[in-house]
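Novice: This one is structure27.cif, mmCIF, C-alpha atoms (C1' of nucleotides).
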```
data_data
loop_
_atom_site.label_atom_id
_atom_site.label_comp_id
_atom_site.auth_asym_id
_atom_site.auth_seq_id
_atom_site.Cartn_x
_atom_site.Cartn_y
_atom_site.Cartn_z
CA MET A 1 -96.69 -88.24 9.88
CA PRO A 2 -96.90 -86.61 6.74
CA GLU A 3 -93.39 -86.59 5.33
CA LEU A 4 -91.95 -83.84 3.18
CA PRO A 5 -94.20 -84.40 0.13
CA GLU A 6 -97.34 -84.39 2.29
CA VAL A 7 -96.27 -81.23 4.12
CA GLU A 8 -95.47 -79.55 0.79
CA THR A 9 -98.92 -80.56 -0.46
CA VAL A 10 -100.50 -79.03 2.64
CA ARG A 11 -98.45 -75.86 2.18
CA ARG A 12 -99.62 -75.46 -1.39
CA GLY A 13 -103.21 -75.92 -0.26
CA LEU A 14 -103.01 -73.40 2.56
CA ALA A 15 -100.99 -70.71 0.80
CA PRO A 16 -103.90 -69.24 -1.20
CA VAL A 17 -106.02 -68.69 1.91
CA LEU A 18 -103.23 -67.59 4.25
CA GLU A 19 -100.65 -65.59 2.33
CA GLY A 20 -101.33 -61.86 2.52
CA ARG A 21 -104.22 -62.38 4.92
CA ARG A 22 -104.58 -61.02 8.42
CA LEU A 23 -105.58 -63.34 11.25
CA VAL A 24 -108.64 -61.85 12.93
CA ARG A 25 -109.45 -64.65 15.35
CA VAL A 26 -107.37 -67.45 16.79
CA GLU A 27 -108.56 -70.23 19.02
CA ALA A 28 -106.42 -72.73 20.92
CA ARG A 29 -108.87 -75.21 22.38
CA ARG A 30 -106.40 -76.85 24.72
CA PRO A 31 -103.20 -75.71 26.41
CA ASP A 32 -100.93 -77.99 24.46
CA LEU A 33 -100.39 -80.38 21.61
CA ARG A 34 -97.26 -82.45 22.01
CA PHE A 35 -95.74 -79.44 23.78
CA PRO A 36 -97.48 -76.55 25.53
CA PHE A 37 -98.33 -73.62 23.27
CA PRO A 38 -95.85 -70.77 23.81
CA GLU A 39 -96.62 -67.92 26.19
CA GLY A 40 -99.25 -65.59 24.75
CA PHE A 41 -99.72 -67.81 21.69
CA VAL A 42 -103.16 -66.55 20.70
CA GLN A 43 -102.47 -62.87 21.40
CA ARG A 44 -99.25 -62.95 19.40
CA LEU A 45 -101.15 -64.26 16.39
CA VAL A 46 -104.33 -62.19 16.45
CA GLY A 47 -104.02 -59.16 14.19
CA ALA A 48 -100.87 -60.38 12.48
CA ARG A 49 -100.70 -60.68 8.71
CA VAL A 50 -99.21 -63.78 7.12
CA VAL A 51 -96.48 -62.57 4.79
CA ALA A 52 -95.42 -65.95 3.41
CA LEU A 53 -96.11 -69.63 3.97
CA ARG A 54 -92.94 -71.67 3.66
CA ARG A 55 -91.77 -75.19 4.42
CA ARG A 56 -88.57 -76.39 6.03
CA ALA A 57 -88.26 -80.18 6.11
CA LYS A 58 -91.57 -81.36 7.64
CA TYR A 59 -92.29 -78.01 9.27
CA LEU A 60 -94.76 -75.43 7.98
CA LEU A 61 -93.62 -71.85 8.54
CA ALA A 62 -95.97 -68.89 8.42
CA ASP A 63 -93.96 -65.67 8.45
CA LEU A 64 -95.90 -62.87 10.14
CA ASP A 65 -95.58 -59.12 9.61
CA ARG A 66 -94.51 -58.72 13.23
CA GLY A 67 -91.13 -60.39 12.86
CA GLU A 68 -92.28 -63.74 14.18
CA THR A 69 -92.92 -67.02 12.42
CA LEU A 70 -95.64 -69.49 13.32
CA ILE A 71 -94.07 -72.94 13.23
CA ALA A 72 -96.29 -76.00 12.80
CA HIS A 73 -95.36 -79.67 12.74
CA LEU A 74 -98.04 -82.24 11.89
CA GLY A 75 -96.58 -85.12 13.88
CA MET A 76 -98.12 -88.43 12.82
CA SER A 77 -101.77 -87.53 12.39
CA GLY A 78 -101.99 -83.73 12.12
CA ARG A 79 -103.88 -82.12 9.27
CA PHE A 80 -105.22 -78.74 8.30
CA ARG A 81 -108.73 -78.29 7.02
CA ILE A 82 -110.02 -75.19 5.28
CA GLU A 83 -113.56 -74.11 5.96
CA GLY A 84 -114.69 -71.44 3.53
CA PRO A 85 -116.84 -68.42 4.43
CA GLY A 86 -119.89 -69.46 2.44
CA PRO A 87 -121.85 -72.68 2.59
CA ALA A 88 -120.48 -75.35 0.30
CA ALA A 89 -117.89 -73.10 -1.28
CA PRO A 90 -116.30 -74.98 -4.18
CA GLY A 91 -113.31 -76.99 -3.07
CA ARG A 92 -113.85 -76.16 0.56
CA PHE A 93 -114.95 -78.50 3.28
CA HIS A 94 -117.11 -77.62 6.20
CA HIS A 95 -116.77 -81.06 7.64
CA ASN A 96 -114.64 -83.95 6.61
CA VAL A 97 -116.68 -87.09 6.89
CA GLY A 98 -115.82 -89.08 9.97
CA GLU A 99 -113.63 -86.44 11.55
CA ASP A 100 -114.16 -86.16 15.27
CA PRO A 101 -114.52 -82.48 16.21
CA ARG A 102 -112.94 -83.22 19.58
CA HIS A 103 -109.62 -83.39 17.76
CA ASP A 104 -109.94 -79.90 16.25
CA HIS A 105 -107.35 -78.16 18.42
CA VAL A 106 -106.49 -74.84 16.77
CA VAL A 107 -108.57 -72.53 14.58
CA LEU A 108 -107.13 -69.64 12.60
CA GLU A 109 -109.68 -67.29 11.06
CA THR A 110 -108.62 -64.79 8.43
CA GLU A 111 -110.03 -61.41 7.48
CA THR A 112 -111.77 -63.09 4.54
CA SER A 113 -113.54 -65.44 6.97
CA ASP A 114 -111.63 -68.52 5.93
CA ARG A 115 -111.18 -70.82 8.87
CA ILE A 116 -108.07 -73.00 8.96
CA VAL A 117 -108.62 -75.80 11.44
CA TYR A 118 -105.78 -77.88 12.83
CA HIS A 119 -106.99 -81.42 13.56
CA ASP A 120 -104.74 -84.02 15.19
CA PRO A 121 -106.13 -87.14 16.93
CA ARG A 122 -102.81 -88.35 18.27
CA ARG A 123 -101.47 -84.90 19.16
CA PHE A 124 -97.89 -85.70 18.20
CA GLY A 125 -97.91 -82.44 16.27
CA PHE A 126 -96.77 -79.16 17.80
CA MET A 127 -96.75 -75.43 17.18
CA GLY A 128 -94.43 -72.65 18.20
CA LEU A 129 -93.58 -69.02 17.57
CA ALA A 130 -90.06 -67.76 16.98
CA SER A 131 -88.22 -64.77 15.60
CA THR A 132 -88.22 -65.00 11.80
CA GLU A 133 -84.73 -63.56 11.59
CA ASP A 134 -83.25 -66.12 13.97
CA LEU A 135 -85.31 -69.08 12.85
CA ALA A 136 -82.27 -71.07 11.73
CA LEU A 137 -80.92 -70.85 15.28
CA HIS A 138 -84.11 -72.22 16.84
CA PRO A 139 -83.54 -75.58 18.55
CA TRP A 140 -85.93 -77.30 16.11
CA PHE A 141 -83.77 -76.20 13.17
CA ALA A 142 -80.26 -75.55 14.44
CA ALA A 143 -78.89 -79.05 13.80
CA MET A 144 -81.06 -79.81 10.79
CA GLY A 145 -79.44 -81.06 7.59
CA PRO A 146 -80.00 -79.70 4.08
CA GLU A 147 -83.29 -79.80 2.20
CA PRO A 148 -83.24 -82.95 0.07
CA LEU A 149 -84.49 -81.10 -3.02
CA SER A 150 -81.90 -78.34 -2.76
CA ASP A 151 -78.48 -78.18 -4.39
CA ALA A 152 -76.98 -78.53 -0.92
CA PHE A 153 -78.02 -82.17 -0.93
CA GLY A 154 -76.31 -84.68 -3.18
CA GLY A 155 -73.94 -87.60 -3.22
CA ALA A 156 -71.19 -85.55 -1.60
CA ARG A 157 -73.41 -84.83 1.41
CA LEU A 158 -74.09 -88.54 1.87
CA VAL A 159 -70.42 -89.42 1.51
CA GLN A 160 -69.66 -86.93 4.26
CA ALA A 161 -72.51 -88.02 6.54
CA PHE A 162 -71.96 -91.77 6.06
CA ARG A 163 -68.17 -91.79 6.40
CA ASP A 164 -67.02 -94.40 8.95
CA ARG A 165 -70.60 -94.96 10.12
CA ARG A 166 -71.64 -98.52 10.90
CA GLN A 167 -75.35 -97.81 11.10
CA GLY A 168 -77.41 -98.63 8.05
CA PRO A 169 -78.40 -95.98 5.51
CA LYS A 170 -82.02 -96.39 6.61
CA THR A 171 -81.29 -95.11 10.08
CA LEU A 172 -79.01 -92.32 8.88
CA LEU A 173 -81.47 -91.06 6.26
CA LEU A 174 -84.19 -90.91 8.90
CA ASP A 175 -81.87 -88.77 11.04
CA GLN A 176 -82.92 -85.22 10.22
CA ARG A 177 -79.33 -84.03 10.74
CA THR A 178 -78.22 -85.98 7.66
CA VAL A 179 -80.93 -84.62 5.40
CA ALA A 180 -84.15 -83.03 6.58
CA GLY A 181 -87.63 -84.13 5.64
CA LEU A 182 -87.40 -87.84 4.92
CA GLY A 183 -89.52 -90.33 6.84
CA ASN A 184 -90.08 -94.04 6.91
CA ILE A 185 -91.98 -94.35 3.62
CA TYR A 186 -89.70 -92.41 1.33
CA VAL A 187 -86.50 -93.80 2.84
CA CYS A 188 -87.75 -97.34 2.18
CA GLU A 189 -88.77 -96.34 -1.32
CA ALA A 190 -85.52 -94.61 -2.23
CA LEU A 191 -83.31 -97.43 -0.90
CA HIS A 192 -85.35 -99.98 -2.79
CA GLU A 193 -85.19 -98.06 -6.04
CA ALA A 194 -81.45 -97.50 -5.60
CA ARG A 195 -81.05 -101.21 -4.73
CA ILE A 196 -79.12 -100.46 -1.56
CA SER A 197 -79.64 -102.60 1.53
CA PRO A 198 -81.10 -100.70 4.50
CA PHE A 199 -78.79 -102.75 6.73
CA ARG A 200 -75.43 -102.36 4.99
CA PRO A 201 -72.96 -100.36 7.11
CA ALA A 202 -73.31 -96.89 5.63
CA GLY A 203 -69.58 -96.22 5.64
CA ARG A 204 -69.06 -99.13 3.27
CA ILE A 205 -71.30 -97.90 0.47
CA SER A 206 -69.31 -96.54 -2.47
CA ALA A 207 -69.45 -92.88 -3.42
CA SER A 208 -70.91 -93.71 -6.79
CA ARG A 209 -73.77 -95.63 -5.19
CA LEU A 210 -74.38 -92.77 -2.76
CA ASP A 211 -74.58 -90.47 -5.73
CA VAL A 212 -77.29 -92.70 -7.18
CA LEU A 213 -79.04 -92.79 -3.81
CA ALA A 214 -79.11 -89.00 -3.50
CA ARG A 215 -80.52 -88.66 -7.00
CA THR A 216 -83.09 -91.35 -6.25
CA VAL A 217 -84.19 -89.58 -3.06
CA LYS A 218 -84.84 -86.43 -5.04
CA ALA A 219 -86.69 -88.30 -7.77
CA VAL A 220 -88.94 -90.17 -5.33
CA LEU A 221 -89.81 -86.98 -3.45
CA GLU A 222 -90.54 -85.08 -6.65
CA ARG A 223 -92.82 -87.82 -7.93
CA ALA A 224 -94.63 -87.92 -4.59
CA ILE A 225 -95.15 -84.16 -4.54
CA THR A 226 -96.53 -84.32 -8.06
CA ALA A 227 -98.94 -87.04 -6.89
CA GLY A 228 -100.11 -84.88 -3.98
CA GLY A 229 -98.39 -87.01 -1.35
CA SER A 230 -99.49 -90.36 0.02
CA THR A 231 -102.85 -90.96 1.64
CA LEU A 232 -102.72 -93.76 4.20
CA ARG A 233 -104.98 -93.43 7.19
CA ASP A 234 -105.38 -89.79 7.88
CA PHE A 235 -103.57 -87.59 5.43
CA SER A 236 -105.27 -85.34 2.96
CA ALA A 237 -104.47 -81.97 1.48
CA ALA A 238 -105.96 -78.91 3.15
CA ASP A 239 -108.83 -78.91 0.66
CA GLY A 240 -109.66 -82.52 1.50
CA ALA A 241 -108.13 -83.90 -1.68
CA LEU A 242 -106.40 -87.24 -1.30
CA GLY A 243 -102.86 -87.88 -2.46
CA TYR A 244 -102.31 -90.94 -4.56
CA PHE A 245 -98.59 -91.70 -4.34
CA GLN A 246 -99.40 -94.73 -2.16
CA HIS A 247 -100.43 -96.47 -5.35
CA SER A 248 -96.84 -96.09 -6.52
CA PHE A 249 -95.19 -97.71 -3.50
CA ARG A 250 -92.51 -100.16 -4.60
CA ALA A 251 -91.55 -101.52 -1.20
CA TYR A 252 -93.38 -99.74 1.61
CA ASP A 253 -96.29 -101.77 3.02
CA ARG A 254 -95.75 -104.49 0.37
CA GLU A 255 -94.52 -107.34 2.56
CA GLY A 256 -94.77 -110.64 0.69
CA ALA A 257 -95.30 -109.00 -2.69
CA ALA A 258 -93.06 -109.55 -5.67
CA CYS A 259 -90.18 -107.10 -6.03
CA VAL A 260 -90.84 -104.71 -8.89
CA ASN A 261 -87.21 -103.92 -9.66
CA PRO A 262 -86.52 -105.05 -13.23
CA GLY A 263 -85.05 -108.54 -13.45
CA CYS A 264 -85.21 -109.20 -9.71
CA GLY A 265 -87.96 -111.71 -8.98
CA GLY A 266 -87.40 -111.46 -5.24
CA THR A 267 -89.97 -110.89 -2.50
CA VAL A 268 -90.39 -107.78 -0.39
CA ARG A 269 -89.83 -108.42 3.30
CA ARG A 270 -90.52 -106.48 6.46
CA LYS A 271 -88.28 -106.18 9.47
CA VAL A 272 -88.35 -103.88 12.47
CA GLN A 273 -85.21 -101.76 12.45
CA ALA A 274 -84.61 -99.21 15.20
CA GLY A 275 -88.26 -99.50 16.14
CA ARG A 276 -89.59 -98.78 12.66
CA SER A 277 -90.82 -101.13 9.95
CA THR A 278 -88.32 -101.51 7.15
CA PHE A 279 -89.57 -102.91 3.85
CA TRP A 280 -86.89 -104.16 1.47
CA CYS A 281 -86.04 -106.83 -1.07
CA PRO A 282 -83.16 -109.02 0.16
CA ALA A 283 -82.61 -110.28 -3.38
CA CYS A 284 -81.67 -107.05 -5.10
CA GLN A 285 -80.88 -104.57 -2.32
CA ARG A 286 -77.22 -105.01 -1.49
"C1'" DG B 1 -70.88 -92.73 19.41
"C1'" DC B 2 -74.10 -96.61 18.75
"C1'" DT B 3 -78.20 -99.68 19.68
"C1'" DG B 4 -82.53 -100.75 21.29
"C1'" DT B 5 -86.55 -99.46 23.81
"C1'" DA B 6 -90.04 -96.70 25.43
"C1'" DA B 7 -92.75 -92.72 25.66
"C1'" DC B 8 -96.12 -89.34 23.89
"C1'" DC B 9 -101.83 -90.39 22.14
"C1'" DT B 10 -105.67 -92.17 19.55
"C1'" DG B 11 -107.64 -94.97 16.07
"C1'" DT B 12 -107.92 -99.07 13.22
"C1'" DC B 13 -107.52 -103.68 11.99
"C1'" DG B 14 -107.02 -108.64 12.40
"C1'" DG B 15 -107.43 -112.72 15.17
"C1'" DC B 16 -109.89 -115.36 18.39
"C1'" DT C 1 -120.23 -108.73 19.01
"C1'" DG C 2 -116.41 -107.88 21.99
"C1'" DC C 3 -111.90 -108.02 23.67
"C1'" DC C 4 -106.85 -107.74 22.96
"C1'" DG C 5 -102.68 -107.01 20.85
"C1'" DA C 6 -100.12 -105.08 17.06
"C1'" DC C 7 -99.35 -101.30 14.44
"C1'" DA C 8 -99.33 -96.46 12.38
"C1'" DG C 9 -96.32 -91.14 8.15
"C1'" DG C 10 -92.43 -88.50 14.00
"C1'" DT C 11 -89.53 -87.01 17.59
"C1'" DT C 12 -87.11 -87.33 21.87
"C1'" DA C 13 -85.11 -89.37 26.01
"C1'" DC C 14 -82.75 -92.77 28.25
"C1'" DA C 15 -80.22 -97.05 29.47
"C1'" DG C 16 -76.54 -100.02 28.39
#
```
Could I get this file's structure written as structure tokens?
Specialist:
Amino acid sequence: MPELPEVETVRRGLAPVLEGRRLVRVEARRPDLRFPFPEGFVQRLVGARVVALRRRAKYLLADLDRGETLIAHLGMSGRFRIEGPGPAAPGRFHHNVGEDPRHDHVVLETETSDRIVYHDPRRFGFMGLASTEDLALHPWFAAMGPEPLSDAFGGARLVQAFRDRRQGPKTLLLDQRTVAGLGNIYVCEALHEARISPFRPAGRISASRLDVLARTVKAVLERAITAGGSTLRDFSAADGALGYFQHSFRAYDREGAACVNPGCGGTVRRKVQAGRSTFWCPACQR
DNA sequence: GCTGTAACCTGTCGGC
DNA sequence: TGCCGACAGGTTACAG
């Protein structure tokens, strides 16, 4: 899926066409995505005005003027596409080349005739509606860790979360309870840049190295957001623009390539860890 | 707790 | 060209 930088890129693309706008027509073309749509999904959205479009971890949150929030998660292959009201409106796409319309599952139409289309071939994404006031108590968020780019996340948080844990930092950073929003790419990247082995028992990594790791996580995410996220197979911003952070990968998807850490000279390797591909350099990641 | 595995679903790519 | 297996940015459940 899009990880945090990709979701943030999508949020920034959708905000101008959603914030302050009323939804005049909503279409759910099937009864479910990964989970069934909530009871009365379409009716609860039609007529509501979007007050703000926020992001929490990898979730998009559209606060409505009725006290509810539309929650959207893109799963692995979800994307939003904006179709403007006029033909060939600048920066707006009526069709993305090669996109199968059978995978257009949800359409939100605003009072200004912008159509926001949710497209998701694999349907690992999901949507829900919940009380805005109690959002933090919702099961999807209740156990979630801090935002990695917030002051609540730093070395101290990692020291606390890793204490006495024998699992590797890779697994623990992917656990959204530790810190929320990281996925496979950016965890591999941050560990590589911080020169920490994905396999080292987390409880045995010094506090000073965890401080470096936390700062590296923030730096990697910020660079990726600036680059507009990473475009692999099926991610693009809502306006169809492609991210280009994938050109900056240091470890992810670079099996067999030379390690780029200064003075290393090692080779990036790939290993399946907890069912996910881990890319790391055995020479310099300790 | 921890680990590994599988499931959800579709598309793509490489090998033969 | 066609078939088959491996793999993909996530999350969740389950068995041991």
Novice: Just so the selection is clear, what residues does the PyMOL selection byres ((chain C) within 9 of (chain A)) cover here, as a VMD selection string?
Specialist: chain C and resid 8 to 11
Novice: May I have a table of the residues of chain A lying at most 12 Å from chain B, giving each one's closest pair of atoms and their distance in Å to one decimal, counting all atoms listed in the file, ordered by chain and ascending residue number, as a tab-separated table?
Specialist:
```
residue	atom	partner	partner_atom	distance
A:Leu33	CA	B:DC9	C1'	10.1
A:Arg34	CA	B:DC8	C1'	7.2
A:Phe35	CA	B:DC8	C1'	9.9
A:Gly75	CA	B:DC8	C1'	10.9
A:Met76	CA	B:DC9	C1'	10.2
A:Ser77	CA	B:DT10	C1'	9.4
A:Gly78	CA	B:DT10	C1'	11.8
A:Gly98	CA	B:DG11	C1'	11.8
A:Glu99	CA	B:DG11	C1'	11.4
A:Asp100	CA	B:DG11	C1'	11.0
A:Arg102	CA	B:DT10	C1'	11.5
A:His103	CA	B:DT10	C1'	9.8
A:Asp120	CA	B:DT10	C1'	9.3
A:Pro121	CA	B:DT10	C1'	5.7
A:Arg122	CA	B:DC9	C1'	4.5
A:Arg123	CA	B:DC9	C1'	6.3
A:Phe124	CA	B:DC8	C1'	7.0
A:Gly125	CA	B:DC8	C1'	10.4
A:Phe126	CA	B:DC8	C1'	11.9
A:Asp164	CA	B:DG1	C1'	11.3
A:Arg165	CA	B:DC2	C1'	9.5
A:Arg166	CA	B:DC2	C1'	8.4
A:Gln167	CA	B:DC2	C1'	7.8
A:Gly168	CA	B:DC2	C1'	11.4
A:Thr171	CA	B:DT3	C1'	11.1
A:Leu172	CA	B:DC2	C1'	11.8
A:Leu232	CA	B:DT12	C1'	11.7
A:Arg233	CA	B:DT12	C1'	8.8
A:Asp234	CA	B:DG11	C1'	10.0
A:Val272	CA	B:DG4	C1'	11.0
A:Gln273	CA	B:DG4	C1'	9.3
A:Ala274	CA	B:DG4	C1'	6.6
A:Gly275	CA	B:DG4	C1'	7.8
A:Arg276	CA	B:DG4	C1'	11.3
```
Novice: Please determine the residues with any atom at most 9 Å from (-74.8, -84.8, 6.5) (coordinates as given in the file, with all atoms listed in the file counting) and report them as JSON, numbers by chain.
Specialist: {"A": [145, 146, 153, 156, 157, 158, 159, 160, 161, 162, 172, 176, 177, 178, 179]}
Novice: Tell me, in Å to one decimal, how far atom CA of A:Ala152 is from atom CA of A:Val187.
Specialist: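 Computing the Euclidean distance for atom CA of A:Ala152 and atom CA of A:Val187 yields 18.4 Å.
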Novice: Rounded to one decimal, what separation in Å do you get between atom CA of A:Ser208 and atom CA of A:Cys259?
Specialist: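 Interatomic distance here is 23.5 Å.
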Novice: Show which residues sit within 7 Å of stretch 223-225 of chain A, as a VMD selection string. Count only C-alpha atoms (C1' of nucleotides), and ignore same-chain residues fewer than 2 positions away.
Specialist: chain A and resid 5 9 219 to 221 227 to 229 245
Novice: Show me, as a list in words, the residues that have an atom within 8 Å of A:Cys188 when counting all atoms listed in the file, minus same-chain residues fewer than 3 positions from it.
Specialist: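 Counting only the stated atoms, we get Lys170, Asn184, Ile185, Leu191, His192, Pro198, Ala251, Tyr252, Thr278, Phe279 and Trp280 of chain A.
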Novice: To one decimal in Å, tell me the separation between atom CA of A:Arg66 and atom CA of A:Val117.
Specialist: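 These atoms are spaced 22.2 Å apart.
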Novice: Output stretch 98-120 of chain A as a tab-separated table (two decimals), in the frame of the given file, making sure N, CA and C atoms are there.
Specialist:
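Listed below is the output, part04.tsv:
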```tsv
chain	number	residue	atom	x	y	z
A	98	GLY	N	-116.46	-88.20	9.01
A	98	GLY	CA	-115.82	-89.08	9.97
A	98	GLY	C	-114.81	-88.40	10.87
A	99	GLU	N	-114.62	-87.11	10.72
A	99	GLU	CA	-113.63	-86.44	11.55
A	99	GLU	C	-114.25	-86.01	12.87
A	100	ASP	N	-113.63	-86.45	13.94
A	100	ASP	CA	-114.16	-86.16	15.27
A	100	ASP	C	-113.80	-84.73	15.68
A	101	PRO	N	-114.80	-83.89	15.89
A	101	PRO	CA	-114.52	-82.48	16.21
A	101	PRO	C	-113.74	-82.30	17.52
A	102	ARG	N	-113.72	-83.33	18.35
A	102	ARG	CA	-112.94	-83.22	19.58
A	102	ARG	C	-111.45	-83.08	19.31
A	103	HIS	N	-111.05	-83.47	18.09
A	103	HIS	CA	-109.62	-83.39	17.76
A	103	HIS	C	-109.28	-82.15	16.94
A	104	ASP	N	-110.24	-81.23	16.83
A	104	ASP	CA	-109.94	-79.90	16.25
A	104	ASP	C	-109.33	-79.06	17.37
A	105	HIS	N	-108.03	-78.78	17.28
A	105	HIS	CA	-107.35	-78.16	18.42
A	105	HIS	C	-107.07	-76.67	18.23
A	106	VAL	N	-106.83	-76.25	17.01
A	106	VAL	CA	-106.49	-74.84	16.77
A	106	VAL	C	-107.29	-74.35	15.57
A	107	VAL	N	-107.84	-73.13	15.70
A	107	VAL	CA	-108.57	-72.53	14.58
A	107	VAL	C	-107.98	-71.16	14.29
A	108	LEU	N	-107.61	-70.94	13.05
A	108	LEU	CA	-107.13	-69.64	12.60
A	108	LEU	C	-108.18	-69.07	11.66
A	109	GLU	N	-108.69	-67.88	11.95
A	109	GLU	CA	-109.68	-67.29	11.06
A	109	GLU	C	-109.09	-66.03	10.44
A	110	THR	N	-109.21	-65.93	9.13
A	110	THR	CA	-108.62	-64.79	8.43
A	110	THR	C	-109.65	-63.69	8.21
A	111	GLU	N	-109.15	-62.56	7.73
A	111	GLU	CA	-110.03	-61.41	7.48
A	111	GLU	C	-111.05	-61.71	6.39
A	112	THR	N	-110.79	-62.73	5.57
A	112	THR	CA	-111.77	-63.09	4.54
A	112	THR	C	-112.69	-64.22	5.02
A	113	SER	N	-112.66	-64.46	6.33
A	113	SER	CA	-113.54	-65.44	6.97
A	113	SER	C	-113.24	-66.88	6.60
A	114	ASP	N	-112.06	-67.13	6.07
A	114	ASP	CA	-111.63	-68.52	5.93
A	114	ASP	C	-111.21	-69.01	7.31
A	115	ARG	N	-111.59	-70.21	7.61
A	115	ARG	CA	-111.18	-70.82	8.87
A	115	ARG	C	-110.24	-71.97	8.55
A	116	ILE	N	-109.05	-71.93	9.14
A	116	ILE	CA	-108.07	-73.00	8.96
A	116	ILE	C	-108.03	-73.76	10.27
A	117	VAL	N	-108.46	-75.01	10.22
A	117	VAL	CA	-108.62	-75.80	11.44
A	117	VAL	C	-107.51	-76.85	11.51
A	118	TYR	N	-106.80	-76.86	12.62
A	118	TYR	CA	-105.78	-77.88	12.83
A	118	TYR	C	-106.39	-79.04	13.61
A	119	HIS	N	-106.34	-80.23	13.01
A	119	HIS	CA	-106.99	-81.42	13.56
A	119	HIS	C	-105.90	-82.48	13.75
A	120	ASP	N	-105.84	-83.08	14.93
A	120	ASP	CA	-104.74	-84.02	15.19
A	120	ASP	C	-105.12	-85.00	16.29
```
